[in-house]
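Novice: Sending over a structure as structure tokens; questions will come in a sec.
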There are 2 protein chains.
Amino acid sequence: MTSPAVSSRDLPHPARDEIRLEPILHALSDPMRLAIVRELATVCGELTCSQFELPVTKSTTTHHFRVLREAGVIRQVYRGTAKMNGLRKDDLDDLFPGLLDALLGAADRQAVRLG
Amino acid sequence: MTSPAVSSRDLPHPARDEIRLEPILHALSDPMRLAIVRELATVCGELTCSQFELPVTKSTTTHHFRVLREAGVIRQVYRGTAKMNGLRKDDLDDLFPGLLDALLGAADRQAVRLG
DNA sequence: CGACTCGTACGATAGGCATCGTAGTATGGC
DNA sequence: GCCATACTACGATGCCTATCGTACGAGTCG
């Protein structure tokens, strides 16, 4: 085996050139998904799906992560039974410089404003 | 008459403090509405609803403008039979500095990339 | 092998929404 | 007053989606 073979299962991600602005905005317009992205941005690394404390069932959590992945916002990869999630900051910064930071900054500012 | 009395009809706008990020992102995640905002940003002034060349009926156009207004993205005011539309750039820049420019920049960049 | 954990798939449900067409209201000019 | 213009209101339709529950698959550890 030449590659590390993280898993036999692999997940469909959009290529960088296929990432569109509208699906990104749609993905982030859901409070649950915006919270996920904010948390991913603060840890600045990878988290498993179950490390998020979301007030929804696991099925719904799976759904939200898939929407984020298919919009090109996060990258998901299996490691054992766990699925690691990370922001596609490199690709997003390349496609839309400053956008991710502006969105995260706006979300932070709103969180402060609303207490 | 002391005020210019633009019209007896007035439209409900969210106060600046009531504007939330999620509805803004939802409003801009629709290609039609993103196109409207991009056009408003380029003219940098006010436009009537009928000055937009959108491939939908007037009913649908009215709907999109209302979504944008209720999200706090645009300001609408009647002047005679016409309804003038303008970006709420001042309020948005105050609430979320840099966000609007980042969004418009991303939209421009995507438009260039897709030809 | 067997049990356990993590996440998926699928169906169901309820609500939201983009779109249309038609009928209606407000404003301005004749 | 009457008509044209600009936009709205309302109902209908079909699609999308956020949520759940249950049943399942993939991997790990004993």
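Chains: A, B, ... in order of the structure tokens. Residues: from 1 per chain. Ligands: from 1, in order shown.
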I'm after chain B in the frame of chain A: fit it by least squares over all Cα atoms matched in order, and give me the output as a PDB file with C-alpha atoms, in the first residue's frame.
Specialist:
```
ATOM      1  CA  MET B   1       0.826   0.020   1.503  1.00  0.00           C
ATOM      2  CA  THR B   2       2.234   3.282   0.289  1.00  0.00           C
ATOM      3  CA  SER B   3      -0.547   5.635   1.293  1.00  0.00           C
ATOM      4  CA  PRO B   4      -1.791   5.862   4.863  1.00  0.00           C
ATOM      5  CA  ALA B   5      -5.084   4.394   3.619  1.00  0.00           C
ATOM      6  CA  VAL B   6      -7.328   6.457   5.784  1.00  0.00           C
ATOM      7  CA  SER B   7     -10.241   4.310   4.750  1.00  0.00           C
ATOM      8  CA  SER B   8     -11.781   2.378   1.923  1.00  0.00           C
ATOM      9  CA  ARG B   9     -14.767   4.696   2.160  1.00  0.00           C
ATOM     10  CA  ASP B  10     -14.299   8.004   0.505  1.00  0.00           C
ATOM     11  CA  LEU B  11     -16.656  10.915   0.400  1.00  0.00           C
ATOM     12  CA  PRO B  12     -17.544  13.035  -2.641  1.00  0.00           C
ATOM     13  CA  HIS B  13     -16.152  16.544  -2.409  1.00  0.00           C
ATOM     14  CA  PRO B  14     -16.558  19.258  -5.024  1.00  0.00           C
ATOM     15  CA  ALA B  15     -13.303  20.142  -6.768  1.00  0.00           C
ATOM     16  CA  ARG B  16     -12.029  23.595  -6.032  1.00  0.00           C
ATOM     17  CA  ASP B  17     -13.246  24.900  -9.375  1.00  0.00           C
ATOM     18  CA  GLU B  18     -16.715  23.568  -8.754  1.00  0.00           C
ATOM     19  CA  ILE B  19     -17.263  25.487  -5.537  1.00  0.00           C
ATOM     20  CA  ARG B  20     -19.933  28.171  -5.920  1.00  0.00           C
ATOM     21  CA  LEU B  21     -20.741  31.134  -3.743  1.00  0.00           C
ATOM     22  CA  GLU B  22     -24.503  30.606  -3.504  1.00  0.00           C
ATOM     23  CA  PRO B  23     -24.344  27.118  -1.958  1.00  0.00           C
ATOM     24  CA  ILE B  24     -21.772  28.392   0.527  1.00  0.00           C
ATOM     25  CA  LEU B  25     -24.090  31.181   1.634  1.00  0.00           C
ATOM     26  CA  HIS B  26     -27.001  28.799   1.803  1.00  0.00           C
ATOM     27  CA  ALA B  27     -24.967  26.369   3.897  1.00  0.00           C
ATOM     28  CA  LEU B  28     -23.953  29.093   6.337  1.00  0.00           C
ATOM     29  CA  SER B  29     -27.437  30.591   6.599  1.00  0.00           C
ATOM     30  CA  ASP B  30     -28.452  27.763   8.922  1.00  0.00           C
ATOM     31  CA  PRO B  31     -27.577  28.551  12.557  1.00  0.00           C
ATOM     32  CA  MET B  32     -26.562  24.979  13.270  1.00  0.00           C
ATOM     33  CA  ARG B  33     -24.156  24.851  10.360  1.00  0.00           C
ATOM     34  CA  LEU B  34     -22.784  28.301  11.091  1.00  0.00           C
ATOM     35  CA  ALA B  35     -22.065  27.117  14.637  1.00  0.00           C
ATOM     36  CA  ILE B  36     -20.240  24.086  13.278  1.00  0.00           C
ATOM     37  CA  VAL B  37     -18.063  26.223  11.036  1.00  0.00           C
ATOM     38  CA  ARG B  38     -17.328  28.662  13.819  1.00  0.00           C
ATOM     39  CA  GLU B  39     -16.180  25.844  16.064  1.00  0.00           C
ATOM     40  CA  LEU B  40     -14.054  24.360  13.312  1.00  0.00           C
ATOM     41  CA  ALA B  41     -12.440  27.739  12.780  1.00  0.00           C
ATOM     42  CA  THR B  42     -11.537  28.163  16.439  1.00  0.00           C
ATOM     43  CA  VAL B  43      -9.914  24.759  16.862  1.00  0.00           C
ATOM     44  CA  CYS B  44      -8.163  25.329  13.562  1.00  0.00           C
ATOM     45  CA  GLY B  45      -7.804  21.586  13.079  1.00  0.00           C
ATOM     46  CA  GLU B  46      -9.962  18.554  12.677  1.00  0.00           C
ATOM     47  CA  LEU B  47     -12.853  17.341  14.753  1.00  0.00           C
ATOM     48  CA  THR B  48     -15.021  14.252  14.649  1.00  0.00           C
ATOM     49  CA  CYS B  49     -18.724  14.638  14.121  1.00  0.00           C
ATOM     50  CA  SER B  50     -19.513  13.468  17.627  1.00  0.00           C
ATOM     51  CA  GLN B  51     -17.306  16.091  19.246  1.00  0.00           C
ATOM     52  CA  PHE B  52     -19.901  18.723  18.449  1.00  0.00           C
ATOM     53  CA  GLU B  53     -22.569  19.345  21.050  1.00  0.00           C
ATOM     54  CA  LEU B  54     -25.555  20.046  18.858  1.00  0.00           C
ATOM     55  CA  PRO B  55     -29.168  20.045  20.053  1.00  0.00           C
ATOM     56  CA  VAL B  56     -30.260  17.687  17.291  1.00  0.00           C
ATOM     57  CA  THR B  57     -30.095  13.980  16.643  1.00  0.00           C
ATOM     58  CA  LYS B  58     -27.185  12.273  14.945  1.00  0.00           C
ATOM     59  CA  SER B  59     -29.191  11.865  11.750  1.00  0.00           C
ATOM     60  CA  THR B  60     -29.653  15.595  11.514  1.00  0.00           C
ATOM     61  CA  THR B  61     -26.003  16.179  12.334  1.00  0.00           C
ATOM     62  CA  THR B  62     -24.993  13.911   9.468  1.00  0.00           C
ATOM     63  CA  HIS B  63     -27.266  15.915   7.180  1.00  0.00           C
ATOM     64  CA  HIS B  64     -25.702  19.246   8.168  1.00  0.00           C
ATOM     65  CA  PHE B  65     -22.163  17.972   7.692  1.00  0.00           C
ATOM     66  CA  ARG B  66     -23.060  16.685   4.261  1.00  0.00           C
ATOM     67  CA  VAL B  67     -24.518  20.045   3.237  1.00  0.00           C
ATOM     68  CA  LEU B  68     -21.325  21.754   4.352  1.00  0.00           C
ATOM     69  CA  ARG B  69     -19.160  19.231   2.515  1.00  0.00           C
ATOM     70  CA  GLU B  70     -21.136  19.418  -0.717  1.00  0.00           C
ATOM     71  CA  ALA B  71     -20.973  23.200  -0.646  1.00  0.00           C
ATOM     72  CA  GLY B  72     -17.187  22.947  -0.379  1.00  0.00           C
ATOM     73  CA  VAL B  73     -16.981  24.517   3.063  1.00  0.00           C
ATOM     74  CA  ILE B  74     -15.521  21.534   4.903  1.00  0.00           C
ATOM     75  CA  ARG B  75     -13.422  18.509   4.083  1.00  0.00           C
ATOM     76  CA  GLN B  76     -14.360  15.150   5.552  1.00  0.00           C
ATOM     77  CA  VAL B  77     -12.272  12.051   5.766  1.00  0.00           C
ATOM     78  CA  TYR B  78     -12.681   8.782   7.592  1.00  0.00           C
ATOM     79  CA  ARG B  79     -10.126   7.629  10.106  1.00  0.00           C
ATOM     80  CA  GLY B  80     -11.268   4.339  11.492  1.00  0.00           C
ATOM     81  CA  THR B  81     -14.864   4.676  12.545  1.00  0.00           C
ATOM     82  CA  ALA B  82     -14.456   8.374  13.121  1.00  0.00           C
ATOM     83  CA  LYS B  83     -15.029  11.001  10.458  1.00  0.00           C
ATOM     84  CA  MET B  84     -12.698  13.931  10.700  1.00  0.00           C
ATOM     85  CA  ASN B  85     -13.946  17.373   9.696  1.00  0.00           C
ATOM     86  CA  GLY B  86     -11.814  20.319   8.702  1.00  0.00           C
ATOM     87  CA  LEU B  87     -12.421  23.667   7.071  1.00  0.00           C
ATOM     88  CA  ARG B  88     -11.369  23.998   3.422  1.00  0.00           C
ATOM     89  CA  LYS B  89      -9.745  27.282   4.279  1.00  0.00           C
ATOM     90  CA  ASP B  90      -7.018  26.927   1.679  1.00  0.00           C
ATOM     91  CA  ASP B  91      -9.453  26.432  -1.198  1.00  0.00           C
ATOM     92  CA  LEU B  92     -11.900  29.059   0.015  1.00  0.00           C
ATOM     93  CA  ASP B  93      -9.189  31.654   0.521  1.00  0.00           C
ATOM     94  CA  ASP B  94      -7.919  30.943  -2.949  1.00  0.00           C
ATOM     95  CA  LEU B  95     -11.322  31.222  -4.591  1.00  0.00           C
ATOM     96  CA  PHE B  96     -12.756  34.033  -2.485  1.00  0.00           C
ATOM     97  CA  PRO B  97      -9.984  35.906  -0.683  1.00  0.00           C
ATOM     98  CA  GLY B  98     -11.176  37.416   2.559  1.00  0.00           C
ATOM     99  CA  LEU B  99     -14.644  35.951   2.404  1.00  0.00           C
ATOM    100  CA  LEU B 100     -14.258  33.307   5.080  1.00  0.00           C
ATOM    101  CA  ASP B 101     -12.610  35.705   7.494  1.00  0.00           C
ATOM    102  CA  ALA B 102     -15.321  38.294   6.895  1.00  0.00           C
ATOM    103  CA  LEU B 103     -18.038  35.737   7.516  1.00  0.00           C
ATOM    104  CA  LEU B 104     -16.405  34.427  10.675  1.00  0.00           C
ATOM    105  CA  GLY B 105     -15.776  37.969  11.864  1.00  0.00           C
ATOM    106  CA  ALA B 106     -19.400  38.880  11.279  1.00  0.00           C
ATOM    107  CA  ALA B 107     -20.555  35.806  13.162  1.00  0.00           C
ATOM    108  CA  ASP B 108     -18.239  36.622  16.071  1.00  0.00           C
ATOM    109  CA  ARG B 109     -19.450  40.186  16.129  1.00  0.00           C
ATOM    110  CA  GLN B 110     -23.052  39.109  16.199  1.00  0.00           C
ATOM    111  CA  ALA B 111     -22.354  36.612  18.967  1.00  0.00           C
ATOM    112  CA  VAL B 112     -20.826  39.402  21.056  1.00  0.00           C
ATOM    113  CA  ARG B 113     -23.664  41.779  20.274  1.00  0.00           C
ATOM    114  CA  LEU B 114     -26.344  39.293  21.239  1.00  0.00           C
ATOM    115  CA  GLY B 115     -24.479  38.264  24.374  1.00  0.00           C
TER     116      GLY B 115
END
```
Novice: Skip DG11 in chain D itself and residues of its chain fewer than 2 positions away, then list as a list of chain:residue names all residues within 10 Å of it, counting only C-alpha atoms (C1' of nucleotides).
Specialist: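 Neighbouring residues, sequence-local ones excluded: C:DG21, C:DT22, D:DA9, D:DT13.
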Novice: Find the residues in chain C near chain A: any atom within 8 Å counts, using only C-alpha atoms (C1' of nucleotides). Write them as number ranges by chain.
Specialist: C: 5-8
Novice: To one decimal place in Å, what is the distance between C1' of DT25 in chain C and C1' of DT8 in chain D?
Specialist: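 Taking C1' of DT25 in chain C and C1' of DT8 in chain D, their separation equals 7.5 Å.
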Novice: Could you tell me, as a ChimeraX atom specification, which residues of chain A DSSP assigns to strand (DSSP E) when given the backbone?
Specialist: /A:47-48,74-79,82-87
Novice: Emit the selected residues as a PDB file, in the first residue's frame, including C-alpha atoms.
Specialist:
```pdb
ATOM      1  CA  LEU A  47     -12.875  17.453  14.888  1.00  0.00           C
ATOM      2  CA  THR A  48     -15.013  14.344  14.795  1.00  0.00           C
ATOM      3  CA  ILE A  74     -15.454  21.531   4.964  1.00  0.00           C
ATOM      4  CA  ARG A  75     -13.350  18.498   4.174  1.00  0.00           C
ATOM      5  CA  GLN A  76     -14.283  15.139   5.670  1.00  0.00           C
ATOM      6  CA  VAL A  77     -12.176  12.050   5.942  1.00  0.00           C
ATOM      7  CA  TYR A  78     -12.596   8.806   7.808  1.00  0.00           C
ATOM      8  CA  ARG A  79     -10.064   7.690  10.379  1.00  0.00           C
ATOM      9  CA  ALA A  82     -14.439   8.475  13.372  1.00  0.00           C
ATOM     10  CA  LYS A  83     -14.967  11.052  10.654  1.00  0.00           C
ATOM     11  CA  MET A  84     -12.654  13.996  10.888  1.00  0.00           C
ATOM     12  CA  ASN A  85     -13.909  17.407   9.820  1.00  0.00           C
ATOM     13  CA  GLY A  86     -11.799  20.369   8.811  1.00  0.00           C
ATOM     14  CA  LEU A  87     -12.414  23.711   7.148  1.00  0.00           C
TER      15      LEU A  87
END
```
